[in-house]
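K.L.:
The following block contains the structure, expressed as structure tokens.
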Amino acid sequence: MNLRKSMKLIILLMLFTSLLTAQTKLEDVKAFTLKNGMKIIVLEDHSIPNANIYIFFKVGSRNEYTGITGLSHFFEHMMFNGAQKYGPKMYDRVMEAKGGSNNAYTSENLTVYTDFFPSSAMEVIFDLEADRIAHLALDDKMVESERGVILAERITGMENSNFEFLYEQVKGSAFLVHPYRWDVIGYESDIRNWQKSDLQTYFDAYYAPNNAVVVIAGDVTLEKVKELTLKYFEPIPARTPPRPVHSREPEQMGEKRMYVNRNVSSPNVLVVFHVPQTGSPDYYALDMLDSILGDGKSSRLYKALIDEKQLAVSVFTYIPQSLDPHLFHISAICAQDVSEDILEKAIYEELDKIIKDGVTEQELQKVKNRKLVGFYHAMETINGKADTIGSYEIYFGGYEKLFNAPAEYRKVTAEDIKRVAATYFKKSNRTVGILKNIEEK
Amino acid sequence: MSKKYIKFPFASFVVLWMLISFFAGDVLAASASTPAGQAEATFRLPQYEKFVMKNGLTVYLMEQHEVPLVNISAAVPAGAVKDNDKYGLAFLTAEALLFGAKSFTKTQLEEKLDFLGTTYYTNVDGEMARLTASFANKDVDIIMPILKEILVDPIFDEKEFDKRKKRLMLELEQEKEIPGQVMESYFNKFMFGEHGYGNPVGGTKGTISAISNEDLKKFYQANYKPAESVIAVVGDFKTPQVKKMIEKWFGGWKAKTGEGSQGAAEKPLPTFAKSRVLLVNKDDATETRFRIGTLGIKRSNPDYVAIQVINTILGGRFTSWLNDELRVNAGLTYGARSNFAAYKTSGTFYVSSYTRTERTIEALDLAVQVLERLHVKGVDAETLVSAQNYIKGQYPPDYERLGDLANLLTDMFIYGFNESFINDFQENVEGVTVEKAKEIIAKYFPRENLQFVLIGKGSEIRDKVKKYGEVTEKEIKAEGF
């Protein structure tokens, strides 16, 4: 359900938590670790007769290298294609026949498997998950058919989004060293050429219980979850922890600019700046800056570019959650007959205003209010709860941090916002991508 | 069921949302319960109070105390079906409600609501216009009078109208760059023809350029009337208090013209005596996106739930026959599904998917074969029970959010169904036997005279698709649908 929301919304929601303490208390969240190192986090919530399980594996496209780009995502697909007890197609058939459904996603940082089920079906869900984590079978025929699915997924993503088309190339320029430089879906030539042995190597390296965090929320009891995790998950042996990602993006030494040719009715502009990772000391100030610039029709960029100057038909800003330093993104589409350089310049004017004059107390308070209501929205559903708890565990170093977040936000001052804007919104730190109709001469 | 997708960092949320919504919604609102034979924990619609005010406005109040939020949703039967030939008029009218009212300008409204963290918007579909606001419960006495002014006292600011119209003109051009965004408009036009359900909701460049601010005012006066409208308030509040507020703020809402719709008489629905193909050419396409379908059912159809059970098997979940054949077995696509889109007086049925250009015919043939299999082989008892369990098990989370419940209540009013949809859901799901399934398939799932809409590279597929029926071709960049 929560997956239907925009990712932007979800991520905003995750980051503010003042009243989490009023609604869900720290002591309502229970956690324990199995002997094989798998961490289990449980939140009982009996509002509907359903529950979910979120299994976060700490592997994503940042763990890949050229030649196997996109493999994390491909692997995610293969996790649905048969194991020992439940052969090809059986995972989905058994789960759906019991009233459950499932999903999964791969990001640059994580691969996450999610099941949504009536709580009476919980045991079979554990059986299905344990079978594929312990005994995944890689069937040759399924590998080939899934390769076709992924090529279709790549094509449809690029075909149906100008942004995606541009972003793949901007990331490739902004990152010189770090594996964030390729898209999660991977390069087409790599997709066409992975071998089954690449998949097996990946499974052995990353799909260990000690490389996973499990969150269960909904109509369950801690006691029952303990019983089932001991029975199904604890027997899966631990493995040598995977090698950490050691590549570090060096400081950018000057502005990078690039053009992408596509037959579009008006130019798309994407500006990105390098910023630190989630949970770093500047993260909260950057997150609030992101909201001040792009969240809502009264935000700085919407108001200036769309409403007042009418230079753009859309604009948005974004910082992803990431384990390594990532990017602050500003994306806009030109209004009719507006050239991209005019729009780009107007974006910088707004950034410069913050660098020079800072932001108002009213704006700070607005952001706090918006994040609070957004957080309540995340907490409306058992899926929002599981996802938020898991994200804090992974990105902030412990789900307990969720309960410290209000204090972290309170600490942020208008001066901090001004300072981070000046620190990161530098010309030498930015990469600019323009997507437009370019005539070859 | 949008399974196994990539979580892109960032704005590709547009694509992501599309991929996800590809599956969202069609598995319907199924009912809650546990799998057959196990302990039952039936999901029922939470208690609510319904009343009709003196001016005829219908109101639903439902208390839900899990989070300190309130959701207000107002629905007015002022959707694109009322556009007549001014496509986009209903859409622009609903947008213009947020351009200022008696006591605030657009900018003041945005500053105020954004400051409080309110999520608010208007949206329009074929049937209705909707105003929604979601906010912290402590602010209900601030928000309620604002919503009242938006709905009852809009000023239709001329300058803001001009700005929005200009932006919309470009958006209409841009959406043609994204096949996934325009398929719905092409399909509905091809299915409904001149009937109002065929009207493209956002209009076309030609119709929008001809619409004036005066048109909006007239449309508002003719179609926004309390006696035909509904407001649902769901969330963390006390009913008597909110009831008083609703009476205070909305009791004075009066229709600006006489009761009854001012729209033109509804045009007749088309019938199809043969198969037809609409090929929308996009020269630079690398994939073909398609729908295969015909006219379907209205939302209040008594067999609605039974139809959803069968559709779950055909194309409503990951293991559905369509997804299993086209995606899992053949690797042709990222997803294939089928859906009944049901409106107040009619609807559509369609099978939909997409595949890369060179595999277009293979995918279309397979989709048609799967539909044929439903008629030839029918469904067996085991598959039926699986689908029944699935639809029941996936139901409760569809109504977890305040907004979901508010939309359900307003939909009941607009589409003409009641809470027995929820409360008898389990019974209706379980009432589908193998025999009944046969009847449902024969009655509601098409077998002949299928209608095809394809968006793709014409030069590669033009000749090959003639075998499906009489071909009409359009250029995607050409105006309209």
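By order in the structure tokens, chains are A, B, ...; within a chain, residues start at 1; ligands start at 1, following the order shown.
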Using DSSP secondary structure from the backbone, list all strand (DSSP E or B) positions within segment 335-405 of chain B, as a ChimeraX atom specification.
P.N.:
/B:337-343,347-356
K.L.:
Selection from above, N, CA and C atoms, as a JSON list (two decimals), in the first residue's frame, can you write it?
P.N.:
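Final output, part-v3.json:
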[["chain", "number", "residue", "atom", "x", "y", "z"],
["B", 337, "ARG", "N", -1.81, -7.50, -17.08],
["B", 337, "ARG", "CA", -2.94, -7.54, -16.16],
["B", 337, "ARG", "C", -4.25, -7.38, -16.92],
["B", 338, "SER", "N", -5.34, -7.53, -16.19],
["B", 338, "SER", "CA", -6.65, -7.18, -16.75],
["B", 338, "SER", "C", -7.42, -6.42, -15.70],
["B", 339, "ASN", "N", -8.39, -5.65, -16.14],
["B", 339, "ASN", "CA", -9.04, -4.73, -15.22],
["B", 339, "ASN", "C", -10.44, -4.38, -15.69],
["B", 340, "PHE", "N", -11.36, -4.22, -14.74],
["B", 340, "PHE", "CA", -12.65, -3.61, -15.02],
["B", 340, "PHE", "C", -12.64, -2.20, -14.44],
["B", 341, "ALA", "N", -12.68, -1.20, -15.29],
["B", 341, "ALA", "CA", -12.80, 0.18, -14.80],
["B", 341, "ALA", "C", -14.30, 0.48, -14.80],
["B", 342, "ALA", "N", -14.87, 0.66, -13.61],
["B", 342, "ALA", "CA", -16.32, 0.78, -13.52],
["B", 342, "ALA", "C", -16.73, 2.18, -13.11],
["B", 343, "TYR", "N", -17.59, 2.81, -13.89],
["B", 343, "TYR", "CA", -18.10, 4.14, -13.58],
["B", 343, "TYR", "C", -19.57, 4.04, -13.18],
["B", 347, "GLY", "N", -18.66, 1.31, -18.13],
["B", 347, "GLY", "CA", -17.29, 1.03, -17.74],
["B", 347, "GLY", "C", -16.56, 0.36, -18.87],
["B", 348, "THR", "N", -15.30, -0.01, -18.62],
["B", 348, "THR", "CA", -14.54, -0.74, -19.63],
["B", 348, "THR", "C", -13.92, -1.98, -18.99],
["B", 349, "PHE", "N", -13.61, -2.93, -19.86],
["B", 349, "PHE", "CA", -12.77, -4.07, -19.47],
["B", 349, "PHE", "C", -11.56, -4.03, -20.39],
["B", 350, "TYR", "N", -10.38, -4.28, -19.86],
["B", 350, "TYR", "CA", -9.22, -4.38, -20.75],
["B", 350, "TYR", "C", -8.11, -5.25, -20.18],
["B", 351, "VAL", "N", -7.39, -5.85, -21.11],
["B", 351, "VAL", "CA", -6.14, -6.54, -20.82],
["B", 351, "VAL", "C", -5.05, -5.55, -21.21],
["B", 352, "SER", "N", -4.02, -5.38, -20.39],
["B", 352, "SER", "CA", -2.98, -4.41, -20.77],
["B", 352, "SER", "C", -1.60, -4.92, -20.45],
["B", 353, "SER", "N", -0.66, -4.50, -21.28],
["B", 353, "SER", "CA", 0.75, -4.82, -21.06],
["B", 353, "SER", "C", 1.61, -3.99, -22.01],
["B", 354, "TYR", "N", 2.88, -4.31, -22.07],
["B", 354, "TYR", "CA", 3.79, -3.65, -23.00],
["B", 354, "TYR", "C", 4.96, -4.58, -23.22],
["B", 355, "THR", "N", 5.58, -4.43, -24.39],
["B", 355, "THR", "CA", 6.73, -5.28, -24.70],
["B", 355, "THR", "C", 7.59, -4.56, -25.73],
["B", 356, "ARG", "N", 8.83, -5.01, -25.90],
["B", 356, "ARG", "CA", 9.66, -4.29, -26.86],
["B", 356, "ARG", "C", 9.15, -4.55, -28.28]]
K.L.:
Which residues are near Asn429 of chain A? Cut-off 12 Å, only C-alpha atoms, ignore same chain within fewer than 4 positions. Put them as number ranges by chain.
P.N.:
A: 174-175, 250-257, 271-275, 326-328, 421-425
K.L.:
Could you write those residues out with N, CA and C atoms, as a tab-separated table (two decimals), in the first residue's frame?
P.N.:
chain	number	residue	atom	x	y	z
A	174	ALA	N	28.41	12.84	-12.47
A	174	ALA	CA	28.63	13.40	-11.14
A	174	ALA	C	29.55	12.50	-10.32
A	175	PHE	N	29.37	11.19	-10.43
A	175	PHE	CA	30.25	10.25	-9.71
A	175	PHE	C	31.33	9.75	-10.66
A	250	PRO	N	36.16	11.22	-4.67
A	250	PRO	CA	37.03	12.36	-4.33
A	250	PRO	C	36.31	13.68	-4.50
A	251	GLU	N	36.83	14.71	-3.92
A	251	GLU	CA	36.23	16.03	-4.04
A	251	GLU	C	36.16	16.43	-5.52
A	252	GLN	N	35.02	17.00	-5.91
A	252	GLN	CA	34.87	17.44	-7.31
A	252	GLN	C	35.70	18.69	-7.53
A	253	MET	N	36.39	18.76	-8.65
A	253	MET	CA	37.35	19.85	-8.85
A	253	MET	C	36.86	20.92	-9.81
A	254	GLY	N	35.60	20.94	-10.11
A	254	GLY	CA	35.09	21.98	-11.01
A	254	GLY	C	33.74	21.55	-11.55
A	255	GLU	N	32.97	22.53	-12.02
A	255	GLU	CA	31.63	22.23	-12.53
A	255	GLU	C	31.69	21.26	-13.70
A	256	LYS	N	30.74	20.33	-13.77
A	256	LYS	CA	30.61	19.43	-14.92
A	256	LYS	C	29.28	19.73	-15.60
A	257	ARG	N	29.30	19.74	-16.93
A	257	ARG	CA	28.08	20.03	-17.68
A	257	ARG	C	27.91	18.99	-18.76
A	271	VAL	N	20.17	19.67	-11.84
A	271	VAL	CA	21.38	20.15	-11.19
A	271	VAL	C	21.60	19.33	-9.93
A	272	VAL	N	22.80	18.76	-9.77
A	272	VAL	CA	23.08	17.96	-8.57
A	272	VAL	C	24.35	18.46	-7.89
A	273	PHE	N	24.35	18.41	-6.56
A	273	PHE	CA	25.51	18.81	-5.75
A	273	PHE	C	25.89	17.64	-4.83
A	274	HIS	N	27.16	17.38	-4.68
A	274	HIS	CA	27.58	16.33	-3.73
A	274	HIS	C	27.26	16.75	-2.29
A	275	VAL	N	26.68	15.83	-1.52
A	275	VAL	CA	26.39	16.08	-0.10
A	275	VAL	C	26.72	14.82	0.70
A	326	HIS	N	26.02	11.16	-1.17
A	326	HIS	CA	25.23	11.13	-2.40
A	326	HIS	C	25.05	12.55	-2.92
A	327	LEU	N	23.88	12.83	-3.50
A	327	LEU	CA	23.67	14.11	-4.19
A	327	LEU	C	22.42	14.82	-3.70
A	328	PHE	N	22.46	16.13	-3.74
A	328	PHE	CA	21.26	16.95	-3.56
A	328	PHE	C	20.78	17.27	-4.97
A	421	ALA	N	23.85	25.51	2.94
A	421	ALA	CA	23.62	25.99	1.58
A	421	ALA	C	24.92	26.54	1.00
A	422	ALA	N	25.63	27.33	1.81
A	422	ALA	CA	26.89	27.91	1.34
A	422	ALA	C	27.96	26.84	1.14
A	423	THR	N	27.95	25.84	1.99
A	423	THR	CA	28.97	24.79	1.91
A	423	THR	C	28.81	23.93	0.65
A	424	TYR	N	27.58	23.52	0.36
A	424	TYR	CA	27.39	22.52	-0.70
A	424	TYR	C	26.93	23.10	-2.04
A	425	PHE	N	26.22	24.23	-2.03
A	425	PHE	CA	25.74	24.79	-3.30
A	425	PHE	C	26.83	25.65	-3.95
K.L.:
One number please: atom CA of Asn102 of chain A to atom CA of Arg317 of chain B, in Å, one decimal.
P.N.:
10.2 Å
K.L.:
Within 7 Å of Ser298 of chain A, counting only C-alpha atoms, which residues qualify if same-chain residues fewer than 2 places away don't, as a PyMOL selection string?
P.N.:
(chain A and resi 296+300+302-303) or (chain B and resi 110-111+114)
K.L.:
Which residues are close to Ser61 of chain A, i.e. within 9 Å by only C-alpha atoms, leaving aside same-chain residues fewer than 4 positions away? Reply as a PDB file with all heavy atoms, in the first residue's frame.
P.N.:
ATOM      1  N   TYR A  65      30.238  -3.823  -9.589  1.00  0.00           N
ATOM      2  CA  TYR A  65      31.331  -3.206 -10.344  1.00  0.00           C
ATOM      3  C   TYR A  65      31.008  -3.378 -11.820  1.00  0.00           C
ATOM      4  O   TYR A  65      30.116  -4.161 -12.184  1.00  0.00           O
ATOM      5  CB  TYR A  65      32.680  -3.833  -9.987  1.00  0.00           C
ATOM      6  CG  TYR A  65      32.669  -5.339 -10.005  1.00  0.00           C
ATOM      7  CD1 TYR A  65      32.877  -6.046 -11.197  1.00  0.00           C
ATOM      8  CD2 TYR A  65      32.426  -6.062  -8.832  1.00  0.00           C
ATOM      9  CE1 TYR A  65      32.833  -7.417 -11.217  1.00  0.00           C
ATOM     10  CE2 TYR A  65      32.380  -7.444  -8.847  1.00  0.00           C
ATOM     11  CZ  TYR A  65      32.585  -8.123 -10.046  1.00  0.00           C
ATOM     12  OH  TYR A  65      32.529  -9.490 -10.072  1.00  0.00           O
ATOM     13  N   THR A  69      26.964  -4.728 -13.443  1.00  0.00           N
ATOM     14  CA  THR A  69      26.012  -3.702 -13.000  1.00  0.00           C
ATOM     15  C   THR A  69      24.584  -4.220 -13.181  1.00  0.00           C
ATOM     16  O   THR A  69      24.297  -4.938 -14.139  1.00  0.00           O
ATOM     17  CB  THR A  69      26.181  -2.394 -13.800  1.00  0.00           C
ATOM     18  OG1 THR A  69      25.864  -2.645 -15.168  1.00  0.00           O
ATOM     19  CG2 THR A  69      27.596  -1.849 -13.687  1.00  0.00           C
ATOM     20  N   GLY A  70      23.723  -3.886 -12.241  1.00  0.00           N
ATOM     21  CA  GLY A  70      22.334  -4.341 -12.294  1.00  0.00           C
ATOM     22  C   GLY A  70      22.120  -5.718 -11.686  1.00  0.00           C
ATOM     23  O   GLY A  70      20.990  -6.204 -11.598  1.00  0.00           O
ATOM     24  N   LEU A  71      23.210  -6.342 -11.246  1.00  0.00           N
ATOM     25  CA  LEU A  71      23.072  -7.714 -10.749  1.00  0.00           C
ATOM     26  C   LEU A  71      22.260  -7.800  -9.452  1.00  0.00           C
ATOM     27  O   LEU A  71      21.536  -8.769  -9.235  1.00  0.00           O
ATOM     28  CB  LEU A  71      24.456  -8.346 -10.547  1.00  0.00           C
ATOM     29  CG  LEU A  71      24.455  -9.873 -10.437  1.00  0.00           C
ATOM     30  CD1 LEU A  71      24.061 -10.522 -11.758  1.00  0.00           C
ATOM     31  CD2 LEU A  71      25.846 -10.392 -10.024  1.00  0.00           C
ATOM     32  N   SER A  72      22.362  -6.788  -8.601  1.00  0.00           N
ATOM     33  CA  SER A  72      21.591  -6.801  -7.347  1.00  0.00           C
ATOM     34  C   SER A  72      20.104  -6.880  -7.662  1.00  0.00           C
ATOM     35  O   SER A  72      19.351  -7.643  -7.041  1.00  0.00           O
ATOM     36  CB  SER A  72      21.839  -5.532  -6.530  1.00  0.00           C
ATOM     37  OG  SER A  72      23.202  -5.284  -6.419  1.00  0.00           O
ATOM     38  N   HIS A  73      19.699  -6.072  -8.614  1.00  0.00           N
ATOM     39  CA  HIS A  73      18.295  -6.048  -8.993  1.00  0.00           C
ATOM     40  C   HIS A  73      17.886  -7.355  -9.676  1.00  0.00           C
ATOM     41  O   HIS A  73      16.827  -7.911  -9.408  1.00  0.00           O
ATOM     42  CB  HIS A  73      18.048  -4.851  -9.916  1.00  0.00           C
ATOM     43  CG  HIS A  73      16.711  -4.845 -10.558  1.00  0.00           C
ATOM     44  ND1 HIS A  73      16.544  -4.910 -11.914  1.00  0.00           N
ATOM     45  CD2 HIS A  73      15.468  -4.824 -10.033  1.00  0.00           C
ATOM     46  CE1 HIS A  73      15.258  -4.906 -12.200  1.00  0.00           C
ATOM     47  NE2 HIS A  73      14.580  -4.853 -11.076  1.00  0.00           N
ATOM     48  N   THR A 106      14.892  -2.941  -5.141  1.00  0.00           N
ATOM     49  CA  THR A 106      16.337  -2.826  -5.032  1.00  0.00           C
ATOM     50  C   THR A 106      16.687  -1.353  -5.160  1.00  0.00           C
ATOM     51  O   THR A 106      16.166  -0.673  -6.038  1.00  0.00           O
ATOM     52  CB  THR A 106      17.021  -3.599  -6.173  1.00  0.00           C
ATOM     53  OG1 THR A 106      16.530  -4.927  -6.168  1.00  0.00           O
ATOM     54  CG2 THR A 106      18.523  -3.622  -5.986  1.00  0.00           C
ATOM     55  N   SER A 107      17.543  -0.879  -4.274  1.00  0.00           N
ATOM     56  CA  SER A 107      18.022   0.498  -4.391  1.00  0.00           C
ATOM     57  C   SER A 107      19.533   0.453  -4.538  1.00  0.00           C
ATOM     58  O   SER A 107      20.123  -0.620  -4.659  1.00  0.00           O
ATOM     59  CB  SER A 107      17.612   1.320  -3.160  1.00  0.00           C
ATOM     60  OG  SER A 107      18.378   0.916  -2.043  1.00  0.00           O
ATOM     61  N   GLU A 108      20.152   1.598  -4.502  1.00  0.00           N
ATOM     62  CA  GLU A 108      21.613   1.620  -4.575  1.00  0.00           C
ATOM     63  C   GLU A 108      22.230   0.977  -3.333  1.00  0.00           C
ATOM     64  O   GLU A 108      23.338   0.484  -3.376  1.00  0.00           O
ATOM     65  CB  GLU A 108      22.089   3.070  -4.673  1.00  0.00           C
ATOM     66  CG  GLU A 108      21.697   3.730  -5.980  1.00  0.00           C
ATOM     67  CD  GLU A 108      21.856   5.227  -5.934  1.00  0.00           C
ATOM     68  OE1 GLU A 108      21.605   5.826  -4.865  1.00  0.00           O
ATOM     69  OE2 GLU A 108      22.226   5.816  -6.959  1.00  0.00           O
ATOM     70  N   ASN A 109      21.460   0.995  -2.227  1.00  0.00           N
ATOM     71  CA  ASN A 109      22.017   0.559  -0.947  1.00  0.00           C
ATOM     72  C   ASN A 109      21.481  -0.770  -0.431  1.00  0.00           C
ATOM     73  O   ASN A 109      22.164  -1.469   0.292  1.00  0.00           O
ATOM     74  CB  ASN A 109      21.725   1.630   0.116  1.00  0.00           C
ATOM     75  CG  ASN A 109      22.260   2.984  -0.299  1.00  0.00           C
ATOM     76  OD1 ASN A 109      23.453   3.226  -0.219  1.00  0.00           O
ATOM     77  ND2 ASN A 109      21.382   3.848  -0.785  1.00  0.00           N
ATOM     78  N   LEU A 110      20.246  -1.065  -0.764  1.00  0.00           N
ATOM     79  CA  LEU A 110      19.561  -2.200  -0.138  1.00  0.00           C
ATOM     80  C   LEU A 110      18.761  -3.021  -1.135  1.00  0.00           C
ATOM     81  O   LEU A 110      18.366  -2.523  -2.183  1.00  0.00           O
ATOM     82  CB  LEU A 110      18.549  -1.684   0.903  1.00  0.00           C
ATOM     83  CG  LEU A 110      19.062  -0.843   2.061  1.00  0.00           C
ATOM     84  CD1 LEU A 110      17.869  -0.328   2.861  1.00  0.00           C
ATOM     85  CD2 LEU A 110      19.977  -1.669   2.954  1.00  0.00           C
ATOM     86  N   PRO A 179      30.427   3.615  -6.981  1.00  0.00           N
ATOM     87  CA  PRO A 179      29.463   2.835  -7.773  1.00  0.00           C
ATOM     88  C   PRO A 179      28.056   3.440  -7.845  1.00  0.00           C
ATOM     89  O   PRO A 179      27.222   2.916  -8.595  1.00  0.00           O
ATOM     90  CB  PRO A 179      29.410   1.471  -7.074  1.00  0.00           C
ATOM     91  CG  PRO A 179      30.398   1.492  -5.986  1.00  0.00           C
ATOM     92  CD  PRO A 179      31.025   2.840  -5.877  1.00  0.00           C
ATOM     93  N   TYR A 180      27.788   4.513  -7.148  1.00  0.00           N
ATOM     94  CA  TYR A 180      26.507   5.198  -7.358  1.00  0.00           C
ATOM     95  C   TYR A 180      26.431   5.738  -8.789  1.00  0.00           C
ATOM     96  O   TYR A 180      25.398   6.235  -9.209  1.00  0.00           O
ATOM     97  CB  TYR A 180      26.346   6.365  -6.382  1.00  0.00           C
ATOM     98  CG  TYR A 180      26.005   5.995  -4.953  1.00  0.00           C
ATOM     99  CD1 TYR A 180      26.363   6.847  -3.901  1.00  0.00           C
ATOM    100  CD2 TYR A 180      25.312   4.828  -4.640  1.00  0.00           C
ATOM    101  CE1 TYR A 180      26.048   6.535  -2.585  1.00  0.00           C
ATOM    102  CE2 TYR A 180      25.000   4.513  -3.317  1.00  0.00           C
ATOM    103  CZ  TYR A 180      25.368   5.372  -2.301  1.00  0.00           C
ATOM    104  OH  TYR A 180      25.051   5.077  -0.996  1.00  0.00           O
ATOM    105  N   TRP A 182      26.324   4.256 -11.632  1.00  0.00           N
ATOM    106  CA  TRP A 182      25.385   3.609 -12.563  1.00  0.00           C
ATOM    107  C   TRP A 182      24.012   3.449 -11.931  1.00  0.00           C
ATOM    108  O   TRP A 182      23.854   3.436 -10.719  1.00  0.00           O
ATOM    109  CB  TRP A 182      25.901   2.274 -13.073  1.00  0.00           C
ATOM    110  CG  TRP A 182      26.356   1.308 -12.038  1.00  0.00           C
ATOM    111  CD1 TRP A 182      25.582   0.475 -11.284  1.00  0.00           C
ATOM    112  CD2 TRP A 182      27.710   1.073 -11.636  1.00  0.00           C
ATOM    113  NE1 TRP A 182      26.365  -0.259 -10.444  1.00  0.00           N
ATOM    114  CE2 TRP A 182      27.679   0.085 -10.639  1.00  0.00           C
ATOM    115  CE3 TRP A 182      28.952   1.614 -12.035  1.00  0.00           C
ATOM    116  CZ2 TRP A 182      28.842  -0.381 -10.023  1.00  0.00           C
ATOM    117  CZ3 TRP A 182      30.097   1.146 -11.420  1.00  0.00           C
ATOM    118  CH2 TRP A 182      30.035   0.165 -10.428  1.00  0.00           C
ATOM    119  N   ASP A 183      23.052   3.324 -12.817  1.00  0.00           N
ATOM    120  CA  ASP A 183      21.673   3.180 -12.396  1.00  0.00           C
ATOM    121  C   ASP A 183      21.455   1.794 -11.792  1.00  0.00           C
ATOM    122  O   ASP A 183      22.124   0.840 -12.172  1.00  0.00           O
ATOM    123  CB  ASP A 183      20.802   3.337 -13.644  1.00  0.00           C
ATOM    124  CG  ASP A 183      19.430   3.818 -13.278  1.00  0.00           C
ATOM    125  OD1 ASP A 183      18.618   2.992 -12.841  1.00  0.00           O
ATOM    126  OD2 ASP A 183      19.187   5.010 -13.436  1.00  0.00           O
ATOM    127  N   VAL A 184      20.494   1.689 -10.890  1.00  0.00           N
ATOM    128  CA  VAL A 184      20.206   0.406 -10.249  1.00  0.00           C
ATOM    129  C   VAL A 184      19.882  -0.674 -11.278  1.00  0.00           C
ATOM    130  O   VAL A 184      20.261  -1.837 -11.120  1.00  0.00           O
ATOM    131  CB  VAL A 184      19.051   0.555  -9.242  1.00  0.00           C
ATOM    132  CG1 VAL A 184      18.667  -0.791  -8.664  1.00  0.00           C
ATOM    133  CG2 VAL A 184      19.440   1.513  -8.126  1.00  0.00           C
ATOM    134  N   ILE A 185      19.207  -0.287 -12.354  1.00  0.00           N
ATOM    135  CA  ILE A 185      18.815  -1.298 -13.363  1.00  0.00           C
ATOM    136  C   ILE A 185      20.038  -1.871 -14.088  1.00  0.00           C
ATOM    137  O   ILE A 185      20.003  -2.995 -14.576  1.00  0.00           O
ATOM    138  CB  ILE A 185      17.795  -0.706 -14.370  1.00  0.00           C
ATOM    139  CG1 ILE A 185      17.164  -1.799 -15.261  1.00  0.00           C
ATOM    140  CG2 ILE A 185      18.427   0.335 -15.281  1.00  0.00           C
ATOM    141  CD1 ILE A 185      15.830  -2.247 -14.815  1.00  0.00           C
ATOM    142  N   GLY A 186      21.144  -1.134 -14.124  1.00  0.00           N
ATOM    143  CA  GLY A 186      22.365  -1.643 -14.755  1.00  0.00           C
ATOM    144  C   GLY A 186      22.469  -1.265 -16.221  1.00  0.00           C
ATOM    145  O   GLY A 186      21.513  -0.769 -16.819  1.00  0.00           O
TER     146      GLY A 186
END
K.L.:
Which residue out of B:Arg167, B:Lys377, B:Lys267, B:Lys86 has the minimum interatomic distance to Val201 of chain B when only C-alpha atoms are used?
P.N.:
B:Lys86
K.L.:
For Lys189 of chain B, which residue among B:Gly203, B:Val52, B:Thr122, B:Ala442 is the nearest when counting only C-alpha atoms?
P.N.:
B:Gly203
K.L.:
Within 12 Å of Glu415 of chain A, counting only C-alpha atoms, which residues show up once you throw out same-chain ones fewer than 5 positions away? Write them as a list in words, please.
P.N.:
Ala285, Leu289, Ile354, Ile355, Lys356, Asp357, Gly358, Val359, Thr360, Glu361, Leu364, Val420, Ala421 and Ala422 of chain A
K.L.:
Give me, as a ChimeraX atom specification, all polymer residues having an atom no more than 9 Å from segment 444-456 of chain B, counting only C-alpha atoms and skipping those fewer than 6 positions away in the same chain.
P.N.:
/B:179,183,186-187,190-191,272-297,307,311,349-350,357,368,371-372,374-375,468-469,476
K.L.:
Find the residue from B:Lys148, B:Ala232, B:Ile361, B:Leu57 that sits nearest to Asp411 of chain B; use only C-alpha atoms when measuring.
P.N.:
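For Asp411 of chain B, the nearest of the candidates is B:Ala232.
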K.L.:
Mind pulling up the distance from atom CA of Thr271 of chain B to atom CA of Lys298 of chain B?
P.N.:
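Interatomic distance here is 15.7 Å.
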K.L.:
So which one's closest to Leu323 of chain A, A:Gly294, A:Gly157, A:Gly279, A:Gly82? Using only C-alpha atoms, please.
P.N.:
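Of A:Gly294, A:Gly157, A:Gly279, A:Gly82, the one nearest Leu323 of chain A is A:Gly279, counting only C-alpha atoms.
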K.L.:
State, in Å with one decimal place, the distance from atom CA of Ala208 of chain A to atom CA of Thr33 of chain A.
P.N.:
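Distance between the two atoms: 13.9 Å.
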K.L.:
As an NGL selection string, which residues of segment 154-383 of chain B does DSSP assign to helix (DSSP H, G or I)?
P.N.:
:B and (158-175 or 179-192 or 196-198 or 205-210 or 213-223 or 226-228 or 239-250 or 304-315 or 321-329 or 357-377 or 381-383)
K.L.:
Please list as a list in words every residue within 6 Å of segment 366-373 of chain A, counting only C-alpha atoms and excluding residues in the same chain fewer than 3 positions away.
P.N.:
Phe16, Glu363 and Tyr376 of chain A; Phe115, Leu116 and Gly117 of chain B
K.L.:
Using the selection just defined, write its residues with C-alpha atoms as a PDB file, in the first residue's frame.
P.N.:
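Output (result.pdb):
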ATOM      1  CA  PHE A  16      10.473  13.373  11.292  1.00  0.00           C
ATOM      2  CA  GLU A 363       9.979  28.748   7.101  1.00  0.00           C
ATOM      3  CA  TYR A 376       1.700  10.695  10.999  1.00  0.00           C
TER       4      TYR A 376
ATOM      5  CA  PHE B 115       2.476  26.097   7.066  1.00  0.00           C
ATOM      6  CA  LEU B 116       0.093  23.764   8.864  1.00  0.00           C
ATOM      7  CA  GLY B 117       1.453  20.762   6.983  1.00  0.00           C
TER       8      GLY B 117
END
